[in-house]
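Student: So that you have it, the file is start27.cif, and it contains mmCIF, N, CA and C atoms, pLDDT in the B column; chains and numbers go by the auth columns:
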data_query
loop_
_atom_site.group_PDB
_atom_site.id
_atom_site.type_symbol
_atom_site.label_atom_id
_atom_site.label_comp_id
_atom_site.label_asym_id
_atom_site.label_seq_id
_atom_site.Cartn_x
_atom_site.Cartn_y
_atom_site.Cartn_z
_atom_site.B_iso_or_equiv
_atom_site.auth_seq_id
_atom_site.auth_asym_id
ATOM 1 N N MET A 1 5.925 4.709 -21.726 81.00 1 A
ATOM 2 C CA MET A 1 6.125 4.240 -20.376 81.00 1 A
ATOM 3 C C MET A 1 6.978 5.228 -19.587 81.00 1 A
ATOM 4 N N GLN A 2 8.021 5.785 -20.224 85.00 2 A
ATOM 5 C CA GLN A 2 8.888 6.729 -19.535 85.00 2 A
ATOM 6 C C GLN A 2 8.110 7.983 -19.142 85.00 2 A
ATOM 7 N N ARG A 3 7.225 8.472 -20.025 84.00 3 A
ATOM 8 C CA ARG A 3 6.402 9.645 -19.721 84.00 3 A
ATOM 9 C C ARG A 3 5.506 9.360 -18.522 84.00 3 A
ATOM 10 N N LEU A 4 4.903 8.201 -18.508 80.00 4 A
ATOM 11 C CA LEU A 4 4.048 7.809 -17.390 80.00 4 A
ATOM 12 C C LEU A 4 4.861 7.784 -16.095 80.00 4 A
ATOM 13 N N HIS A 5 6.039 7.221 -16.151 82.00 5 A
ATOM 14 C CA HIS A 5 6.919 7.151 -14.976 82.00 5 A
ATOM 15 C C HIS A 5 7.256 8.554 -14.478 82.00 5 A
ATOM 16 N N GLN A 6 7.608 9.470 -15.380 84.00 6 A
ATOM 17 C CA GLN A 6 7.987 10.823 -15.003 84.00 6 A
ATOM 18 C C GLN A 6 6.821 11.625 -14.453 84.00 6 A
ATOM 19 N N GLU A 7 5.596 11.300 -14.830 85.00 7 A
ATOM 20 C CA GLU A 7 4.431 12.037 -14.354 85.00 7 A
ATOM 21 C C GLU A 7 3.849 11.445 -13.076 85.00 7 A
ATOM 22 N N VAL A 8 3.775 10.142 -13.005 87.00 8 A
ATOM 23 C CA VAL A 8 3.075 9.476 -11.909 87.00 8 A
ATOM 24 C C VAL A 8 3.938 9.287 -10.665 87.00 8 A
ATOM 25 N N VAL A 9 5.191 8.899 -10.834 85.00 9 A
ATOM 26 C CA VAL A 9 6.047 8.619 -9.679 85.00 9 A
ATOM 27 C C VAL A 9 6.185 9.825 -8.754 85.00 9 A
ATOM 28 N N PRO A 10 6.439 11.046 -9.264 84.00 10 A
ATOM 29 C CA PRO A 10 6.509 12.189 -8.347 84.00 10 A
ATOM 30 C C PRO A 10 5.197 12.448 -7.592 84.00 10 A
ATOM 31 N N GLN A 11 4.075 12.247 -8.238 88.00 11 A
ATOM 32 C CA GLN A 11 2.781 12.442 -7.571 88.00 11 A
ATOM 33 C C GLN A 11 2.586 11.418 -6.455 88.00 11 A
ATOM 34 N N ILE A 12 2.861 10.180 -6.745 87.00 12 A
ATOM 35 C CA ILE A 12 2.718 9.128 -5.735 87.00 12 A
ATOM 36 C C ILE A 12 3.712 9.359 -4.596 87.00 12 A
ATOM 37 N N SER A 13 4.928 9.768 -4.934 85.00 13 A
ATOM 38 C CA SER A 13 5.938 10.053 -3.919 85.00 13 A
ATOM 39 C C SER A 13 5.461 11.153 -2.975 85.00 13 A
ATOM 40 N N GLU A 14 4.903 12.229 -3.511 86.00 14 A
ATOM 41 C CA GLU A 14 4.388 13.319 -2.677 86.00 14 A
ATOM 42 C C GLU A 14 3.259 12.842 -1.775 86.00 14 A
ATOM 43 N N GLN A 15 2.370 12.016 -2.308 89.00 15 A
ATOM 44 C CA GLN A 15 1.254 11.491 -1.508 89.00 15 A
ATOM 45 C C GLN A 15 1.764 10.619 -0.365 89.00 15 A
ATOM 46 N N LEU A 16 2.709 9.745 -0.657 88.00 16 A
ATOM 47 C CA LEU A 16 3.259 8.871 0.385 88.00 16 A
ATOM 48 C C LEU A 16 4.021 9.664 1.433 88.00 16 A
ATOM 49 N N GLN A 17 4.762 10.672 0.985 85.00 17 A
ATOM 50 C CA GLN A 17 5.506 11.509 1.923 85.00 17 A
ATOM 51 C C GLN A 17 4.554 12.269 2.839 85.00 17 A
ATOM 52 N N ALA A 18 3.490 12.824 2.293 86.00 18 A
ATOM 53 C CA ALA A 18 2.502 13.548 3.105 86.00 18 A
ATOM 54 C C ALA A 18 1.859 12.612 4.120 86.00 18 A
ATOM 55 N N LYS A 19 1.570 11.402 3.714 88.00 19 A
ATOM 56 C CA LYS A 19 0.961 10.406 4.614 88.00 19 A
ATOM 57 C C LYS A 19 1.939 10.032 5.734 88.00 19 A
ATOM 58 N N ALA A 20 3.217 9.849 5.388 86.00 20 A
ATOM 59 C CA ALA A 20 4.225 9.489 6.390 86.00 20 A
ATOM 60 C C ALA A 20 4.419 10.614 7.400 86.00 20 A
ATOM 61 N N TRP A 21 4.479 11.883 6.937 84.00 21 A
ATOM 62 C CA TRP A 21 4.630 13.026 7.844 84.00 21 A
ATOM 63 C C TRP A 21 3.410 13.162 8.746 84.00 21 A
ATOM 64 N N ALA A 22 2.211 12.971 8.187 86.00 22 A
ATOM 65 C CA ALA A 22 0.987 13.076 8.994 86.00 22 A
ATOM 66 C C ALA A 22 0.991 12.037 10.111 86.00 22 A
ATOM 67 N N ALA A 23 1.394 10.816 9.789 86.00 23 A
ATOM 68 C CA ALA A 23 1.465 9.758 10.801 86.00 23 A
ATOM 69 C C ALA A 23 2.518 10.091 11.859 86.00 23 A
ATOM 70 N N ALA A 24 3.665 10.626 11.431 85.00 24 A
ATOM 71 C CA ALA A 24 4.741 10.968 12.366 85.00 24 A
ATOM 72 C C ALA A 24 4.310 12.075 13.322 85.00 24 A
ATOM 73 N N LYS A 25 3.564 13.049 12.817 83.00 25 A
ATOM 74 C CA LYS A 25 3.151 14.180 13.647 83.00 25 A
ATOM 75 C C LYS A 25 2.178 13.779 14.749 83.00 25 A
ATOM 76 N N THR A 26 1.448 12.720 14.550 85.00 26 A
ATOM 77 C CA THR A 26 0.478 12.274 15.558 85.00 26 A
ATOM 78 C C THR A 26 1.020 11.164 16.448 85.00 26 A
ATOM 79 N N MET A 27 2.217 10.699 16.158 83.00 27 A
ATOM 80 C CA MET A 27 2.793 9.576 16.886 83.00 27 A
ATOM 81 C C MET A 27 3.299 9.997 18.271 83.00 27 A
ATOM 82 N N THR A 28 3.007 9.180 19.263 84.00 28 A
ATOM 83 C CA THR A 28 3.536 9.383 20.605 84.00 28 A
ATOM 84 C C THR A 28 4.914 8.746 20.672 84.00 28 A
ATOM 85 N N GLY A 29 5.882 9.468 21.225 83.00 29 A
ATOM 86 C CA GLY A 29 7.234 8.929 21.349 83.00 29 A
ATOM 87 C C GLY A 29 7.958 8.827 20.022 83.00 29 A
ATOM 88 N N LEU A 30 7.781 9.822 19.165 81.00 30 A
ATOM 89 C CA LEU A 30 8.424 9.841 17.859 81.00 30 A
ATOM 90 C C LEU A 30 9.943 9.791 18.003 81.00 30 A
ATOM 91 N N VAL A 31 10.590 8.958 17.223 85.00 31 A
ATOM 92 C CA VAL A 31 12.042 8.855 17.210 85.00 31 A
ATOM 93 C C VAL A 31 12.508 9.117 15.779 85.00 31 A
ATOM 94 N N LEU A 32 13.176 10.260 15.587 83.00 32 A
ATOM 95 C CA LEU A 32 13.669 10.617 14.263 83.00 32 A
ATOM 96 C C LEU A 32 15.119 10.191 14.112 83.00 32 A
ATOM 97 N N GLY A 33 15.470 9.780 12.928 85.00 33 A
ATOM 98 C CA GLY A 33 16.838 9.462 12.597 85.00 33 A
ATOM 99 C C GLY A 33 17.266 10.274 11.396 85.00 33 A
ATOM 100 N N VAL A 34 18.513 10.693 11.389 85.00 34 A
ATOM 101 C CA VAL A 34 19.069 11.452 10.276 85.00 34 A
ATOM 102 C C VAL A 34 20.327 10.721 9.839 85.00 34 A
ATOM 103 N N ASP A 35 20.411 10.415 8.544 88.00 35 A
ATOM 104 C CA ASP A 35 21.538 9.650 8.039 88.00 35 A
ATOM 105 C C ASP A 35 21.969 10.223 6.697 88.00 35 A
ATOM 106 N N ASP A 36 23.267 10.367 6.501 87.00 36 A
ATOM 107 C CA ASP A 36 23.762 10.840 5.211 87.00 36 A
ATOM 108 C C ASP A 36 24.291 9.657 4.412 87.00 36 A
ATOM 109 N N PHE A 37 24.258 9.798 3.102 87.00 37 A
ATOM 110 C CA PHE A 37 24.732 8.722 2.242 87.00 37 A
ATOM 111 C C PHE A 37 25.114 9.284 0.874 87.00 37 A
ATOM 112 N N ALA A 38 25.872 8.513 0.143 87.00 38 A
ATOM 113 C CA ALA A 38 26.245 8.855 -1.228 87.00 38 A
ATOM 114 C C ALA A 38 26.072 7.605 -2.081 87.00 38 A
ATOM 115 N N ILE A 39 25.622 7.801 -3.291 77.00 39 A
ATOM 116 C CA ILE A 39 25.510 6.671 -4.205 77.00 39 A
ATOM 117 C C ILE A 39 26.919 6.172 -4.546 77.00 39 A
ATOM 118 N N LYS A 40 27.842 7.113 -4.738 80.00 40 A
ATOM 119 C CA LYS A 40 29.229 6.789 -5.034 80.00 40 A
ATOM 120 C C LYS A 40 30.102 7.633 -4.118 80.00 40 A
ATOM 121 N N LYS A 41 30.943 7.008 -3.313 79.00 41 A
ATOM 122 C CA LYS A 41 31.772 7.724 -2.335 79.00 41 A
ATOM 123 C C LYS A 41 32.565 8.856 -2.978 79.00 41 A
ATOM 124 N N GLY A 42 32.633 9.982 -2.243 77.00 42 A
ATOM 125 C CA GLY A 42 33.373 11.132 -2.715 77.00 42 A
ATOM 126 C C GLY A 42 32.581 12.033 -3.639 77.00 42 A
ATOM 127 N N HIS A 43 31.344 11.679 -3.898 80.00 43 A
ATOM 128 C CA HIS A 43 30.499 12.483 -4.770 80.00 43 A
ATOM 129 C C HIS A 43 29.432 13.186 -3.935 80.00 43 A
ATOM 130 N N THR A 44 28.400 13.655 -4.566 84.00 44 A
ATOM 131 C CA THR A 44 27.348 14.387 -3.875 84.00 44 A
ATOM 132 C C THR A 44 26.678 13.515 -2.813 84.00 44 A
ATOM 133 N N TYR A 45 26.557 14.075 -1.614 88.00 45 A
ATOM 134 C CA TYR A 45 25.908 13.369 -0.517 88.00 45 A
ATOM 135 C C TYR A 45 24.495 13.891 -0.320 88.00 45 A
ATOM 136 N N ASN A 46 23.646 13.044 0.216 89.00 46 A
ATOM 137 C CA ASN A 46 22.269 13.392 0.557 89.00 46 A
ATOM 138 C C ASN A 46 22.017 13.000 1.998 89.00 46 A
ATOM 139 N N THR A 47 20.931 13.517 2.555 89.00 47 A
ATOM 140 C CA THR A 47 20.548 13.198 3.924 89.00 47 A
ATOM 141 C C THR A 47 19.116 12.690 3.938 89.00 47 A
ATOM 142 N N GLY A 48 18.897 11.606 4.626 89.00 48 A
ATOM 143 C CA GLY A 48 17.558 11.056 4.796 89.00 48 A
ATOM 144 C C GLY A 48 17.071 11.306 6.211 89.00 48 A
ATOM 145 N N ILE A 49 15.801 11.667 6.343 87.00 49 A
ATOM 146 C CA ILE A 49 15.168 11.835 7.650 87.00 49 A
ATOM 147 C C ILE A 49 14.180 10.683 7.806 87.00 49 A
ATOM 148 N N HIS A 50 14.337 9.926 8.878 88.00 50 A
ATOM 149 C CA HIS A 50 13.563 8.698 9.065 88.00 50 A
ATOM 150 C C HIS A 50 12.735 8.751 10.350 88.00 50 A
ATOM 151 N N ASN A 51 11.589 8.124 10.312 87.00 51 A
ATOM 152 C CA ASN A 51 10.768 7.905 11.499 87.00 51 A
ATOM 153 C C ASN A 51 11.050 6.471 11.922 87.00 51 A
ATOM 154 N N HIS A 52 11.827 6.305 12.983 87.00 52 A
ATOM 155 C CA HIS A 52 12.217 4.958 13.401 87.00 52 A
ATOM 156 C C HIS A 52 11.055 4.178 14.011 87.00 52 A
ATOM 157 N N ARG A 53 10.137 4.850 14.658 85.00 53 A
ATOM 158 C CA ARG A 53 8.986 4.123 15.230 85.00 53 A
ATOM 159 C C ARG A 53 8.049 3.635 14.141 85.00 53 A
ATOM 160 N N GLY A 54 7.829 4.473 13.143 83.00 54 A
ATOM 161 C CA GLY A 54 6.929 4.102 12.058 83.00 54 A
ATOM 162 C C GLY A 54 7.619 3.393 10.910 83.00 54 A
ATOM 163 N N GLU A 55 8.949 3.287 11.007 87.00 55 A
ATOM 164 C CA GLU A 55 9.756 2.614 9.998 87.00 55 A
ATOM 165 C C GLU A 55 9.504 3.166 8.598 87.00 55 A
ATOM 166 N N THR A 56 9.529 4.509 8.494 87.00 56 A
ATOM 167 C CA THR A 56 9.331 5.155 7.206 87.00 56 A
ATOM 168 C C THR A 56 10.392 6.216 6.970 87.00 56 A
ATOM 169 N N MET A 57 10.661 6.484 5.710 86.00 57 A
ATOM 170 C CA MET A 57 11.523 7.599 5.349 86.00 57 A
ATOM 171 C C MET A 57 10.610 8.801 5.165 86.00 57 A
ATOM 172 N N LEU A 58 10.908 9.881 5.878 87.00 58 A
ATOM 173 C CA LEU A 58 10.059 11.062 5.822 87.00 58 A
ATOM 174 C C LEU A 58 10.472 12.022 4.718 87.00 58 A
ATOM 175 N N ASP A 59 11.755 12.172 4.503 86.00 59 A
ATOM 176 C CA ASP A 59 12.202 13.103 3.477 86.00 59 A
ATOM 177 C C ASP A 59 13.644 12.824 3.096 86.00 59 A
ATOM 178 N N LEU A 60 14.022 13.362 1.964 85.00 60 A
ATOM 179 C CA LEU A 60 15.366 13.232 1.442 85.00 60 A
ATOM 180 C C LEU A 60 15.800 14.614 1.000 85.00 60 A
ATOM 181 N N LEU A 61 16.954 15.069 1.484 86.00 61 A
ATOM 182 C CA LEU A 61 17.401 16.402 1.121 86.00 61 A
ATOM 183 C C LEU A 61 18.846 16.378 0.658 86.00 61 A
ATOM 184 N N PRO A 62 19.211 17.332 -0.206 86.00 62 A
ATOM 185 C CA PRO A 62 20.585 17.373 -0.695 86.00 62 A
ATOM 186 C C PRO A 62 21.547 17.875 0.375 86.00 62 A
ATOM 187 N N GLY A 63 22.760 17.388 0.341 87.00 63 A
ATOM 188 C CA GLY A 63 23.779 17.816 1.291 87.00 63 A
ATOM 189 C C GLY A 63 23.822 16.926 2.507 87.00 63 A
ATOM 190 N N ARG A 64 24.866 17.154 3.314 86.00 64 A
ATOM 191 C CA ARG A 64 24.987 16.343 4.537 86.00 64 A
ATOM 192 C C ARG A 64 25.529 17.143 5.709 86.00 64 A
ATOM 193 N N LYS A 65 25.681 18.427 5.543 86.00 65 A
ATOM 194 C CA LYS A 65 26.216 19.265 6.614 86.00 65 A
ATOM 195 C C LYS A 65 25.091 19.812 7.479 86.00 65 A
ATOM 196 N N LEU A 66 25.439 20.209 8.693 86.00 66 A
ATOM 197 C CA LEU A 66 24.456 20.746 9.625 86.00 66 A
ATOM 198 C C LEU A 66 23.728 21.943 9.025 86.00 66 A
ATOM 199 N N GLU A 67 24.436 22.781 8.307 87.00 67 A
ATOM 200 C CA GLU A 67 23.816 23.956 7.694 87.00 67 A
ATOM 201 C C GLU A 67 22.758 23.547 6.659 87.00 67 A
ATOM 202 N N ASP A 68 22.991 22.451 5.946 86.00 68 A
ATOM 203 C CA ASP A 68 21.993 21.945 5.001 86.00 68 A
ATOM 204 C C ASP A 68 20.718 21.538 5.731 86.00 68 A
ATOM 205 N N LEU A 69 20.887 20.896 6.876 83.00 69 A
ATOM 206 C CA LEU A 69 19.746 20.468 7.680 83.00 69 A
ATOM 207 C C LEU A 69 19.004 21.675 8.260 83.00 69 A
ATOM 208 N N ARG A 70 19.750 22.673 8.705 84.00 70 A
ATOM 209 C CA ARG A 70 19.115 23.883 9.237 84.00 70 A
ATOM 210 C C ARG A 70 18.359 24.640 8.137 84.00 70 A
ATOM 211 N N SER A 71 18.912 24.698 6.927 85.00 71 A
ATOM 212 C CA SER A 71 18.231 25.346 5.808 85.00 71 A
ATOM 213 C C SER A 71 16.934 24.610 5.474 85.00 71 A
ATOM 214 N N TYR A 72 16.994 23.288 5.512 82.00 72 A
ATOM 215 C CA TYR A 72 15.806 22.475 5.271 82.00 72 A
ATOM 216 C C TYR A 72 14.744 22.765 6.332 82.00 72 A
ATOM 217 N N ALA A 73 15.159 22.817 7.588 80.00 73 A
ATOM 218 C CA ALA A 73 14.225 23.068 8.680 80.00 73 A
ATOM 219 C C ALA A 73 13.581 24.444 8.535 80.00 73 A
ATOM 220 N N ALA A 74 14.374 25.446 8.167 81.00 74 A
ATOM 221 C CA ALA A 74 13.834 26.793 7.991 81.00 74 A
ATOM 222 C C ALA A 74 12.842 26.830 6.837 81.00 74 A
ATOM 223 N N ALA A 75 13.140 26.145 5.768 81.00 75 A
ATOM 224 C CA ALA A 75 12.258 26.130 4.596 81.00 75 A
ATOM 225 C C ALA A 75 10.964 25.371 4.866 81.00 75 A
ATOM 226 N N HIS A 76 11.007 24.434 5.796 73.00 76 A
ATOM 227 C CA HIS A 76 9.823 23.618 6.092 73.00 76 A
ATOM 228 C C HIS A 76 9.175 23.977 7.424 73.00 76 A
ATOM 229 N N GLN A 77 9.528 25.108 7.973 67.00 77 A
ATOM 230 C CA GLN A 77 8.951 25.624 9.215 67.00 77 A
ATOM 231 C C GLN A 77 8.933 24.583 10.320 67.00 77 A
ATOM 232 N N THR A 78 10.085 24.044 10.590 59.00 78 A
ATOM 233 C CA THR A 78 10.235 23.079 11.680 59.00 78 A
ATOM 234 C C THR A 78 11.515 23.420 12.428 59.00 78 A
ATOM 235 N N SER A 79 11.759 22.761 13.517 51.00 79 A
ATOM 236 C CA SER A 79 12.990 23.036 14.253 51.00 79 A
ATOM 237 C C SER A 79 13.880 21.807 14.234 51.00 79 A
ATOM 238 N N VAL A 80 15.158 22.060 14.289 49.00 80 A
ATOM 239 C CA VAL A 80 16.143 20.982 14.311 49.00 80 A
ATOM 240 C C VAL A 80 16.845 21.039 15.648 49.00 80 A
ATOM 241 N N ILE A 81 16.811 19.953 16.371 51.00 81 A
ATOM 242 C CA ILE A 81 17.514 19.877 17.652 51.00 81 A
ATOM 243 C C ILE A 81 18.751 19.040 17.413 51.00 81 A
ATOM 244 N N CYS A 82 19.888 19.599 17.707 50.00 82 A
ATOM 245 C CA CYS A 82 21.151 18.901 17.468 50.00 82 A
ATOM 246 C C CYS A 82 21.765 18.516 18.793 50.00 82 A
ATOM 247 N N ALA A 83 21.739 17.251 19.076 50.00 83 A
ATOM 248 C CA ALA A 83 22.330 16.748 20.306 50.00 83 A
ATOM 249 C C ALA A 83 23.519 15.881 19.942 50.00 83 A
ATOM 250 N N PRO A 84 24.530 15.864 20.765 51.00 84 A
ATOM 251 C CA PRO A 84 25.687 15.007 20.461 51.00 84 A
ATOM 252 C C PRO A 84 25.296 13.533 20.522 51.00 84 A
ATOM 253 N N ARG A 85 25.935 12.745 19.700 53.00 85 A
ATOM 254 C CA ARG A 85 25.678 11.303 19.651 53.00 85 A
ATOM 255 C C ARG A 85 26.170 10.671 20.937 53.00 85 A
ATOM 256 N N GLN A 86 25.366 9.809 21.522 56.00 86 A
ATOM 257 C CA GLN A 86 25.733 9.078 22.732 56.00 86 A
ATOM 258 C C GLN A 86 26.529 7.839 22.333 56.00 86 A
ATOM 259 N N SER A 87 27.646 7.604 22.986 50.00 87 A
ATOM 260 C CA SER A 87 28.484 6.431 22.666 50.00 87 A
ATOM 261 C C SER A 87 27.936 5.195 23.320 50.00 87 A
#
What does the file become when written as structure tokens?
Tutor:
Amino acid sequence: MQRLHQEVVPQISEQLQAKAWAAAKTMTGLVLGVDDFAIKKGHTYNTGIHNHRGETMLDLLPGRKLEDLRSYAAAHQTSVICAPRQS
């Protein structure tokens, strides 16, 4: 069962991620969200990229700093627009 989990889950994850990105790219009025989190505070943080209109998680990347996000964008041939948060 563990072997099946290790082989199948990554494949299904890639398929779902590709489907979510394809839907996001064709969506009118796309609203992206970026949120950082840690499983245990003070440890390694990750960043999630979300499609708020489609209510899907598009990707998960290691780190939580702006440079981590820019490195991700460069590796995935996309652009990152950084605007200050509105209060």
Student: As lines of an AutoDock Vina configuration file, please report the centre and edge lengths, rounded to one decimal in Å, of the axis-aligned box that holds all listed atoms of segment 41-50 of chain A with 4 Å of padding on each of the six sides.
Tutor:
center_x = 23.1
center_y = 10.7
center_z = 2.8
size_x = 28.6
size_y = 15.4
size_z = 23.1
Student: Could you pull out all residues of chain A with a DSSP call of helix (DSSP H, G or I) and give them as a PyMOL selection string?
Tutor: chain A and resi 2-26+66-75
Student: As a PyMOL selection string, please: the residues near Thr44 of chain A (cut-off 8 Å, all atoms listed in the file, same-chain neighbours under 5 positions excluded).
Tutor: chain A and resi 37-39+62-64
Student: Looking at A:Ser71, A:Glu7, A:Leu30, A:Lys41, which one is nearest to Arg53 of chain A, with distances taken over all atoms listed in the file?
Tutor: A:Leu30
Student: If you measure from atom CA of Trp21 of chain A to atom CA of Glu67 of chain A, what distance in Å do you get, rounded to one decimal?
Tutor: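 Computed distance, atom CA of Trp21 of chain A to atom CA of Glu67 of chain A, equals 22.1 Å.
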Student: So, counting only C-alpha atoms, which residue among A:Asp68, A:Asp59, A:Val8, A:Gln15 is closest to Gly33 of chain A?
Tutor: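 The closest residue to Gly33 of chain A is A:Asp59.
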Student: On this structure, the PyMOL selection byres ((chain A and resi 49) around 6) would catch which residues? List them as a list in words, sorted by chain and number.
Tutor: Gly33, Val34, Asp35, Thr47, Gly48, His50, Asn51, Thr56, Met57, Leu58, Asp59 and Leu60 of chain A
Student: Only N, CA and C atoms, please: the residues just picked out, written as a PDB file, keeping the file's coordinate frame.
Tutor:
ATOM      1  N   GLY A  33      15.470   9.780  12.928  1.00 85.00           N
ATOM      2  CA  GLY A  33      16.838   9.462  12.597  1.00 85.00           C
ATOM      3  C   GLY A  33      17.266  10.274  11.396  1.00 85.00           C
ATOM      4  N   VAL A  34      18.513  10.693  11.389  1.00 85.00           N
ATOM      5  CA  VAL A  34      19.069  11.452  10.276  1.00 85.00           C
ATOM      6  C   VAL A  34      20.327  10.721   9.839  1.00 85.00           C
ATOM      7  N   ASP A  35      20.411  10.415   8.544  1.00 88.00           N
ATOM      8  CA  ASP A  35      21.538   9.650   8.039  1.00 88.00           C
ATOM      9  C   ASP A  35      21.969  10.223   6.697  1.00 88.00           C
ATOM     10  N   THR A  47      20.931  13.517   2.555  1.00 89.00           N
ATOM     11  CA  THR A  47      20.548  13.198   3.924  1.00 89.00           C
ATOM     12  C   THR A  47      19.116  12.690   3.938  1.00 89.00           C
ATOM     13  N   GLY A  48      18.897  11.606   4.626  1.00 89.00           N
ATOM     14  CA  GLY A  48      17.558  11.056   4.796  1.00 89.00           C
ATOM     15  C   GLY A  48      17.071  11.306   6.211  1.00 89.00           C
ATOM     16  N   HIS A  50      14.337   9.926   8.878  1.00 88.00           N
ATOM     17  CA  HIS A  50      13.563   8.698   9.065  1.00 88.00           C
ATOM     18  C   HIS A  50      12.735   8.751  10.350  1.00 88.00           C
ATOM     19  N   ASN A  51      11.589   8.124  10.312  1.00 87.00           N
ATOM     20  CA  ASN A  51      10.768   7.905  11.499  1.00 87.00           C
ATOM     21  C   ASN A  51      11.050   6.471  11.922  1.00 87.00           C
ATOM     22  N   THR A  56       9.529   4.509   8.494  1.00 87.00           N
ATOM     23  CA  THR A  56       9.331   5.155   7.206  1.00 87.00           C
ATOM     24  C   THR A  56      10.392   6.216   6.970  1.00 87.00           C
ATOM     25  N   MET A  57      10.661   6.484   5.710  1.00 86.00           N
ATOM     26  CA  MET A  57      11.523   7.599   5.349  1.00 86.00           C
ATOM     27  C   MET A  57      10.610   8.801   5.165  1.00 86.00           C
ATOM     28  N   LEU A  58      10.908   9.881   5.878  1.00 87.00           N
ATOM     29  CA  LEU A  58      10.059  11.062   5.822  1.00 87.00           C
ATOM     30  C   LEU A  58      10.472  12.022   4.718  1.00 87.00           C
ATOM     31  N   ASP A  59      11.755  12.172   4.503  1.00 86.00           N
ATOM     32  CA  ASP A  59      12.202  13.103   3.477  1.00 86.00           C
ATOM     33  C   ASP A  59      13.644  12.824   3.096  1.00 86.00           C
ATOM     34  N   LEU A  60      14.022  13.362   1.964  1.00 85.00           N
ATOM     35  CA  LEU A  60      15.366  13.232   1.442  1.00 85.00           C
ATOM     36  C   LEU A  60      15.800  14.614   1.000  1.00 85.00           C
TER      37      LEU A  60
END
Student: Between atom N of Ala75 of chain A and atom N of Leu61 of chain A, what is the distance in Å, rounded to a tenth?
Tutor: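 Going from atom N of Ala75 of chain A over to atom N of Leu61 of chain A covers 12.5 Å.
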Student: Compare A:Asn46, A:His52, A:Gln11, A:Ala23 by their minimum atom-to-atom distance to Leu69 of chain A, counting only C-alpha atoms, and give me the closest one.
Tutor: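 The answer is A:Asn46, which sits nearest to Leu69 of chain A.
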Student: For atom CA of Val31 of chain A and atom CA of Lys65 of chain A, determine how far apart the two atoms are, in Å to one decimal place.
Tutor: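 Computing it gives 20.5 Å between the two atoms.
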